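To start, the structure itself, in structure tokens.
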Amino acid sequence: MAWQEELKRNVTTVEELSTYLDMEEEEKRCLEEVVSRHPMSITRYYLSLMDREDPHDPIRRMAVPSLEELDLSGSYDTSGELENVKVWGLQHKYSQTALVLATNQCAVYCRFCFRKRLVGLPTREVTRRLGDVVGYVKAHREITNVLVSGGDPLILPTGLLEGFLKELSGVDHLRYIRIGSRIPATFPQRILDDPSLLEVLDRFVRGGKRLYVVTHFNHPRELTPEAGEAVERLMRAGVVVNNQAVLLKGVNDHPSTLAALMGGLVEKGVVPYYLFQCRPVKRVKTAFQVDLEEGYWVVEEAKRRLDGLAKRFRYVMSHRTGKVEIVGIHGNYIYFKYHQAVNPSHGGLFFRRRLRPGAAWLDDLEGFGGRSFSRRSSPAPSIPCVG
Ligand code: SF4
């Protein structure tokens, strides 16, 4: 079956989901409310990875809506993405990198997605006119790389991706392209069943520019033989494969799980690159965010179990002011360092904040040592499903 046909078999309604998973009528009604705001779509493959007997199964948590999504604390744009839009479909936050939102579609709509405001929903934030996006990149010679993101760019038809890559390959000052995709984890059949996709990627690499696919595996059970084969074929096409994961409550917030994920990635030839602190996104924060202090110790304990290759990843927070690495805890303080900064004078800035129980984002900490950030997450009202 062609991958497009397979995608049409995705589970998209609570009614259908309830034929796979046990649900009370009241729960179904609430989940319908959630799904009416943020769509659900689960591939049959990803569904097959779930333990249907376990309501707390980590794979299930990532794809199946929950009542926690009715909690509206947080914000829909925690990293100031809209502030960095230069033309619709392109953000320019750090001088060397342009971020392109190529689509708002994905194979699976992850419940923890930080772009929840746009995935599967009508939006003006994705690329409409490729010419505008390429024109902006051509006009800005400081841009050395483009990160193609979304949604999931590998959901696009192969011909469209090819056109996009062709346009970018003609921009002299670009040194490499990155494609961010969770498809190897949620729908590897997209890669396995379409040899023409691999030919397109292979041609691009042979054209002289380096191509990276940044995968998004969050749990070792996502590293199936199919996922491994998809990664292998990408690598055979000359693509360099790195992984970004997100630290998620109830999914990978245990040292042994995290260590198994990072070790498993290295075994498959994938470089563990970033581990992101989950952002305080509306309908995500309460369900998935891990406190910074706890997150730090989980990461440290996981690293103690790993060899040098597997512990190359950095634990970072993609903050409005830059990419902030969480580097240590000593006494009552937590220490940070700007890995990337919007304000160039903050590049490399090392600073500390006094630890505060429950703090899960830089804005939750009092200003100490470095600059002070006063924006705070909104309080967390619990919105019950009533009526
Ligand atoms: S595939 Fe990526 S963009 Fe799409 S819902 Fe999941 S995390 Fe968000």
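In the structure tokens, chains take the letters A, B, ... in the order shown, each chain's residues start at 1, and ligands count up from 1 in the order shown.
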Give one line per residue of chain A that approaches ligand 1 to at most 7 Å, naming the two atoms of the closest pair and their distance in Å to one decimal, counting only C-alpha atoms and all ligand atoms; sort by chain then ascending residue number and deliver it as a tab-separated table.
residue	atom	partner	partner_atom_place_in_ligand_line	distance
A:Gln105	CA	ligand 1	4 (Fe)	6.7
A:Cys106	CA	ligand 1	4 (Fe)	4.6
A:Ala107	CA	ligand 1	1 (S)	6.6
A:Val108	CA	ligand 1	1 (S)	6.0
A:Tyr109	CA	ligand 1	5 (S)	3.9
A:Cys110	CA	ligand 1	6 (Fe)	4.1
A:Arg111	CA	ligand 1	5 (S)	6.9
A:Phe112	CA	ligand 1	7 (S)	6.8
A:Cys113	CA	ligand 1	8 (Fe)	4.1
A:Phe114	CA	ligand 1	8 (Fe)	6.4
A:Arg115	CA	ligand 1	8 (Fe)	5.8
A:Lys116	CA	ligand 1	8 (Fe)	6.7
A:Val119	CA	ligand 1	5 (S)	6.0
A:Gly150	CA	ligand 1	3 (S)	5.5
A:Gly151	CA	ligand 1	3 (S)	3.8
A:Asp152	CA	ligand 1	1 (S)	5.4
A:Ser181	CA	ligand 1	1 (S)	6.5
A:Arg182	CA	ligand 1	1 (S)	4.8
A:Ile183	CA	ligand 1	1 (S)	6.9
Test item, strand (DSSP E or B) assignment across range 93-149 of chain A, answer as a PyMOL selection string: chain A and resi 97-101+145-149
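Near Leu192 in chain A, within 10 Å and counting only C-alpha atoms, sit Trp3, Pro184, Phe187, Pro188, Leu197, Leu198, Glu226, Ala227, Glu229, Ala230, Val231, Arg233 and Leu234 of chain A, not including residues fewer than 4 positions from it in the same chain.
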Spatial neighbours of Ile59 in chain A, 8 Å, only C-alpha atoms, chain gap at least 6 places, as a PyMOL selection string: chain A and resi 46+49-51+219+221-222+251
Requested write-out: C-alpha atoms of the selected residues, as an mmCIF file, in the first residue's frame:
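Resulting contents of selection25.cif:
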data_model
loop_
_atom_site.group_PDB
_atom_site.id
_atom_site.type_symbol
_atom_site.label_atom_id
_atom_site.label_comp_id
_atom_site.auth_asym_id
_atom_site.auth_seq_id
_atom_site.Cartn_x
_atom_site.Cartn_y
_atom_site.Cartn_z
ATOM 1 C CA TYR A 46 2.248 4.044 16.045
ATOM 2 C CA LEU A 49 3.520 0.302 19.544
ATOM 3 C CA MET A 50 1.113 1.059 22.416
ATOM 4 C CA ASP A 51 0.375 -1.248 25.309
ATOM 5 C CA HIS A 219 11.329 6.816 23.937
ATOM 6 C CA ARG A 221 10.322 1.732 22.318
ATOM 7 C CA GLU A 222 10.121 3.991 19.271
ATOM 8 C CA VAL A 251 7.344 9.276 29.001
#
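Of the listed residues A:Thr78, A:Ser95, A:Ser48, A:Ser66, the one whose atoms come nearest to Glu142 in chain A is A:Ser95, with distances taken using only C-alpha atoms.
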Nearest residue to Pro220 in chain A from the set A:Met262, A:Arg206, A:Met235, A:Gly308 (distances using only C-alpha atoms): A:Met262
Alpha helix (DSSP H) per DSSP on the backbone: members of range 104-138 of chain A, as a ChimeraX atom specification: /A:130-138
Expected file: the selected residues, N, CA and C atoms, as a short mmCIF file (atom, residue, chain, number, x, y, z; two decimals), in the first residue's frame:
data_model
loop_
_atom_site.label_atom_id
_atom_site.label_comp_id
_atom_site.auth_asym_id
_atom_site.auth_seq_id
_atom_site.Cartn_x
_atom_site.Cartn_y
_atom_site.Cartn_z
N LEU A 130 6.89 29.90 -1.96
CA LEU A 130 8.28 29.46 -1.81
C LEU A 130 9.24 30.56 -2.26
N GLY A 131 8.82 31.30 -3.31
CA GLY A 131 9.67 32.37 -3.84
C GLY A 131 10.01 33.40 -2.77
N ASP A 132 9.05 33.74 -1.90
CA ASP A 132 9.30 34.73 -0.84
C ASP A 132 10.34 34.21 0.15
N VAL A 133 10.19 32.93 0.49
CA VAL A 133 11.10 32.31 1.46
C VAL A 133 12.51 32.26 0.89
N VAL A 134 12.62 31.75 -0.33
CA VAL A 134 13.95 31.63 -0.95
C VAL A 134 14.55 33.02 -1.18
N GLY A 135 13.68 33.97 -1.57
CA GLY A 135 14.15 35.35 -1.78
C GLY A 135 14.75 35.93 -0.51
N TYR A 136 14.12 35.68 0.62
CA TYR A 136 14.63 36.19 1.90
C TYR A 136 16.00 35.56 2.21
N VAL A 137 16.09 34.24 2.01
CA VAL A 137 17.36 33.54 2.31
C VAL A 137 18.46 34.08 1.39
N LYS A 138 18.13 34.29 0.10
CA LYS A 138 19.14 34.79 -0.85
C LYS A 138 19.63 36.18 -0.46
#
Long-range neighbours of range 264-278 of chain A as a VMD selection string, 6 Å cut-off, only C-alpha atoms, 3 positions minimum in chain: chain A and resid 241 to 247 260 to 261 289 310 313 to 317
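Picture a line from CA of His346 in chain A to CA of Asn84 in chain A; it runs 17.8 Å.
In this model, the gap between CA of Gly74 in chain A and CA of Trp361 in chain A comes to 10.7 Å.
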Shell around Asn252 in chain A at 8 Å using only C-alpha atoms, local window under 3 positions removed, as a PyMOL selection string: chain A and resi 58+218-219+247-249+255+257-258
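You can rank A:Phe164, A:Phe351, A:Phe217, A:Phe204 by their closest distance to Tyr176 in chain A using only C-alpha atoms, and at the top of that list sits A:Phe204.
Take CA of Val34 in chain A and CA of Val64 in chain A: the distance between them is 10.6 Å.
The residue that comes closest to Val35 in chain A, out of A:Leu67, A:Met62, A:Leu309, A:Met23 and on the basis of only C-alpha atoms, is A:Leu67.
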Neighbouring residues of Leu362 in chain A were defined as those with any atom within 9 Å, considering only C-alpha atoms; residues of the same chain fewer than 2 positions away were excluded. Please report them as a compact mmCIF listing (two decimals) with C-alpha atoms, in the first residue's frame.
# COMPACT_ATOMS: atom_id res chain seq x y z
CA LEU A 292 14.05 21.85 36.13
CA MET A 317 15.61 25.26 27.05
CA HIS A 319 13.66 30.33 25.55
CA VAL A 324 19.81 28.17 27.25
CA ARG A 353 19.18 31.51 39.51
CA ALA A 359 10.12 25.86 38.62
CA ALA A 360 10.09 24.42 35.12
CA ASP A 364 9.65 30.72 36.93
CA LEU A 365 12.95 31.60 38.67
CA GLU A 366 13.86 34.80 40.50
CA PHE A 373 13.60 37.93 33.23
CA ARG A 376 6.12 34.64 34.31
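Among the candidates A:Glu69, A:Glu6, A:Glu33, A:Asp22, the residue lying nearest to Tyr45 in chain A is A:Glu6 (atoms considered: only C-alpha atoms).
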